[in-house]
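Presented below is the structure to which this report refers.
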Amino acid sequence: RWLSSPAPAPRVCVVGSGPAGFYTAQHILKHHGGALVDIYEKLPVPFGLVRFGVAPDHPEVKNVINTFTQTAHSERCAYYGNVTVGRDVTVPELQRAYHAVVLSYGAEDNRVLGIPGENLPGVYSARAFVGWYNGLPENRDLKPDLSCDTALILGHGNVALDIARILLSPLQLLRKTDITDSSLAALACSKVKRVWLVGRRGPLQVAFTIKELREMINLPGARAVLDPADFTGLESAVKDAPRPRKRLTELMMKTALEKPVEMQAGAAAPREWGLKFQRSPLEVLPSADGSRARGVRLALTRLEGSGDSAKAVPTGDEEELECGLVLSSIGYRSLPLDPAVPFDSQRGVIPNSSGRVEGVPGLYCSGWVKRGPTGVIITTMNDSFDTAQSVLEDLQGGVLDASPFREGFGLVESILRSRGVRPVSFSDWQKIDAAEVARGKAAGKPREKIVDPAEMLAAAPAASKARQLWVLSTCELYTSRKGH
């Protein structure tokens, strides 16, 4: 009898439905024929930074959504949106319901500058600004002031270039994307004509990639302003650099040396953008009445060391750059989720070894909360496969005991119901998706994102009167929840 009784299927819970969550689920489902995986997401809609972080004019990057949708359609996978882990259900409660719990909830905050004036009106984090134009519910009411002619972006990464490109793109290009209607209307009234991207280190340390730089250089109606003096002597320094770094630096040098295109008489002055190197922010300067930002005071720096490990050290010299819009693009930051989960607040990660959370058997992590907010989608894919492999090895090696029956969502559902939370299924999401695509079609764009969670819930029509009442009560709950 013992030999003939089938082993219970291991139940795995993944918290977060961005790339880290879906890639973790995909790898477990592919390499374990019996595992059941449930994915939880705090928003009603899935896909995390693919939906809310990837620039609207980069639709090709969003194609991974097709792969994630295939995973969600697996008969051994389920999606539960509108569930905030740590509030609606705790991590210890999930551990009682599942054999393994994987935390893949990403980085929900941004690093702060820690300088005077950074809370002045006119100063925004890149995370909030990107969330605003991409329809992230928490940023839908941002209303950035775009009435100035000069914007300054602190940071030399891809996100900084994304923001510069969105600020300077011709409207006819943006109209064909899934940028939100309200941000498109704000950009239509924007007075921003010049964008400076400022970094602490030099051209050899920029974090953006050649694809993003080339897009910026080729942006219609905008010209690059790069100072040839910034690249003096770099020809020899770049000779032995890895090929991607070499090509990137050579493109910047070529652009710096190119003569600006002569404007035809009577033509409107073009928009322009430029890179400023070896400058570190000291203070956001207030306007005369103290009501908003008017510029940034910068420390000039010199580099100690070389390559990626070079450090920026202040020279003692300073300069001021006038601007009415300041965007801080110095990185994202993960936050602790639940008191039961260890968290290194210094590094902004969950302490782990190959995704196994230190000191908590059966608890794992993947993505940015595991390694820090760096890399592109493929980096997260490999990192998530690594964590999923740890889960599979622990199941195979008996470190994770899958013999006791675990109820999975059956137990979680009763907890959520008792707390008045209605989870959103993947088929519910597909109704929201269809509503967005229909709205977009009417406006001649791929989709018009719904930015209000209560409206998202209402867009997934209920099958019965009772369920409709549940939707309404959940919508009321949403509007009453502070900060959601």
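Residues in the structure tokens are named by chain (A, B, ... in the order shown) and by number from 1 within that chain; ligands are numbered from 1 in the order shown.
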Give me, as a tab-separated table, each residue of segment 367-428 of chain A that comes within 10 Å of segment 31-34 of chain A, together with its shortest interatomic pair and the distance in Å at one decimal, counting only C-alpha atoms, with rows ordered by chain and rising residue number.
```
residue	atom	partner	partner_atom	distance
A:Ala388	CA	A:His31	CA	9.3
A:Gln389	CA	A:His31	CA	8.8
A:Leu392	CA	A:His32	CA	7.4
A:Leu395	CA	A:His32	CA	9.6
A:Gln396	CA	A:His32	CA	9.8
```
Counting only C-alpha atoms, give me one row per residue of segment 85-170 of chain A with an atom at most 12 Å from an atom of segment 422-430 of chain A, showing the shortest contact pair and its distance in Å to one decimal, sorted by chain then residue number, as CSV.
```
residue,atom,partner,partner_atom,distance
A:Val85,CA,A:Pro423,CA,11.9
A:Asp88,CA,A:Arg422,CA,10.1
A:Val89,CA,A:Pro423,CA,11.5
```
Find the residues near Gly324 of chain A: any atom within 12 Å, counting only C-alpha atoms, skip ones fewer than 3 places away on the same chain, and give them as a PyMOL selection string. chain A and resi 120-124+144-153+191-196+284-287+291-296+321+327
Neighbours of Gly274 of chain A within 9 Å (only C-alpha atoms; same-chain residues fewer than 3 positions away dropped), as a short mmCIF file (atom, residue, chain, number, x, y, z; two decimals) with C-alpha atoms, in the first residue's frame?
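Listed below is the output, around-v4.cif:
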```cif
data_model
loop_
_atom_site.label_atom_id
_atom_site.label_comp_id
_atom_site.auth_asym_id
_atom_site.auth_seq_id
_atom_site.Cartn_x
_atom_site.Cartn_y
_atom_site.Cartn_z
CA ARG A 194 16.83 70.65 -22.70
CA VAL A 195 17.80 67.63 -20.60
CA TRP A 196 21.14 67.19 -18.81
CA LEU A 197 22.12 63.74 -17.53
CA VAL A 198 24.63 64.09 -14.70
CA ARG A 223 20.50 66.98 -30.80
CA ALA A 224 23.22 65.63 -28.54
CA VAL A 225 25.52 68.08 -26.73
CA LEU A 226 28.66 66.24 -25.63
CA ASP A 227 31.91 68.02 -24.75
#
```
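Between atom CA of Ala207 of chain A and atom CA of Ser329 of chain A the interatomic distance comes to 11.5 Å.
Among the candidates A:Ile163, A:Met216, A:Ile350, A:Leu251, the residue lying nearest to Val130 of chain A is A:Ile163 (atoms considered: only C-alpha atoms).
Checking A:Val341, A:Val412, A:Ala229, A:Ala442 one by one against Ala97 of chain A, counting only C-alpha atoms, you find the shortest gap at A:Val412.
Within 12 Å of segment 234-241 of chain A, once only C-alpha atoms are used and residues closer than 6 positions along the same chain are dropped, the contacting residues are Gly202, Pro203, Leu204, Gln205, Pro228, Arg247, Leu248, Thr249, Glu250, Leu251, Met252, Met253, Lys254, Ser306, Gly307 and Asp308 of chain A.
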Atoms kept (N, CA and C atoms) for selection, written as an mmCIF file, in the first residue's frame:
```
data_model
loop_
_atom_site.group_PDB
_atom_site.id
_atom_site.type_symbol
_atom_site.label_atom_id
_atom_site.label_comp_id
_atom_site.auth_asym_id
_atom_site.auth_seq_id
_atom_site.Cartn_x
_atom_site.Cartn_y
_atom_site.Cartn_z
ATOM 1 N N GLY A 202 33.032 59.032 -14.795
ATOM 2 C CA GLY A 202 33.365 59.447 -16.161
ATOM 3 C C GLY A 202 32.695 58.621 -17.243
ATOM 4 N N PRO A 203 33.054 58.890 -18.518
ATOM 5 C CA PRO A 203 32.457 58.166 -19.649
ATOM 6 C C PRO A 203 32.679 56.649 -19.597
ATOM 7 N N LEU A 204 33.806 56.222 -18.996
ATOM 8 C CA LEU A 204 34.095 54.778 -18.951
ATOM 9 C C LEU A 204 33.284 54.046 -17.875
ATOM 10 N N GLN A 205 32.523 54.802 -17.064
ATOM 11 C CA GLN A 205 31.761 54.175 -15.975
ATOM 12 C C GLN A 205 30.239 54.262 -16.180
ATOM 13 N N PRO A 228 33.751 67.438 -26.273
ATOM 14 C CA PRO A 228 34.908 66.616 -26.687
ATOM 15 C C PRO A 228 35.982 66.523 -25.598
ATOM 16 N N ARG A 247 32.752 49.774 -27.602
ATOM 17 C CA ARG A 247 31.818 50.284 -28.623
ATOM 18 C C ARG A 247 30.996 51.455 -28.079
ATOM 19 N N LEU A 248 30.568 51.335 -26.828
ATOM 20 C CA LEU A 248 29.771 52.391 -26.194
ATOM 21 C C LEU A 248 30.568 53.695 -26.103
ATOM 22 N N THR A 249 31.827 53.587 -25.648
ATOM 23 C CA THR A 249 32.677 54.775 -25.496
ATOM 24 C C THR A 249 32.985 55.388 -26.853
ATOM 25 N N GLU A 250 33.254 54.537 -27.831
ATOM 26 C CA GLU A 250 33.554 55.044 -29.186
ATOM 27 C C GLU A 250 32.364 55.799 -29.769
ATOM 28 N N LEU A 251 31.149 55.334 -29.495
ATOM 29 C CA LEU A 251 29.947 56.023 -29.990
ATOM 30 C C LEU A 251 29.797 57.388 -29.319
ATOM 31 N N MET A 252 30.077 57.469 -28.019
ATOM 32 C CA MET A 252 30.019 58.765 -27.337
ATOM 33 C C MET A 252 31.067 59.718 -27.908
ATOM 34 N N MET A 253 32.295 59.215 -28.142
ATOM 35 C CA MET A 253 33.375 60.050 -28.670
ATOM 36 C C MET A 253 33.027 60.567 -30.068
ATOM 37 N N LYS A 254 32.486 59.689 -30.899
ATOM 38 C CA LYS A 254 32.098 60.063 -32.267
ATOM 39 C C LYS A 254 31.025 61.159 -32.227
ATOM 40 N N SER A 306 40.535 52.919 -11.701
ATOM 41 C CA SER A 306 40.121 52.902 -13.108
ATOM 42 C C SER A 306 39.029 51.860 -13.320
ATOM 43 N N GLY A 307 38.435 51.916 -14.510
ATOM 44 C CA GLY A 307 37.389 50.947 -14.861
ATOM 45 C C GLY A 307 36.164 51.070 -13.971
ATOM 46 N N ASP A 308 35.426 49.955 -13.831
ATOM 47 C CA ASP A 308 34.171 49.959 -13.074
ATOM 48 C C ASP A 308 34.370 50.245 -11.590
#
```
Nearest-residue call for Glu272 of chain A, choices A:Arg165, A:Arg87, A:Arg111, A:Arg245, using only C-alpha atoms: A:Arg165
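Of the listed residues (A:Leu411, A:Val37, A:Ala312, A:Ala460), A:Ala312 comes nearest to Ala299 of chain A; the distances count only C-alpha atoms.
Atom CA of Tyr98 of chain A lies 5.6 Å from atom CA of Arg406 of chain A.
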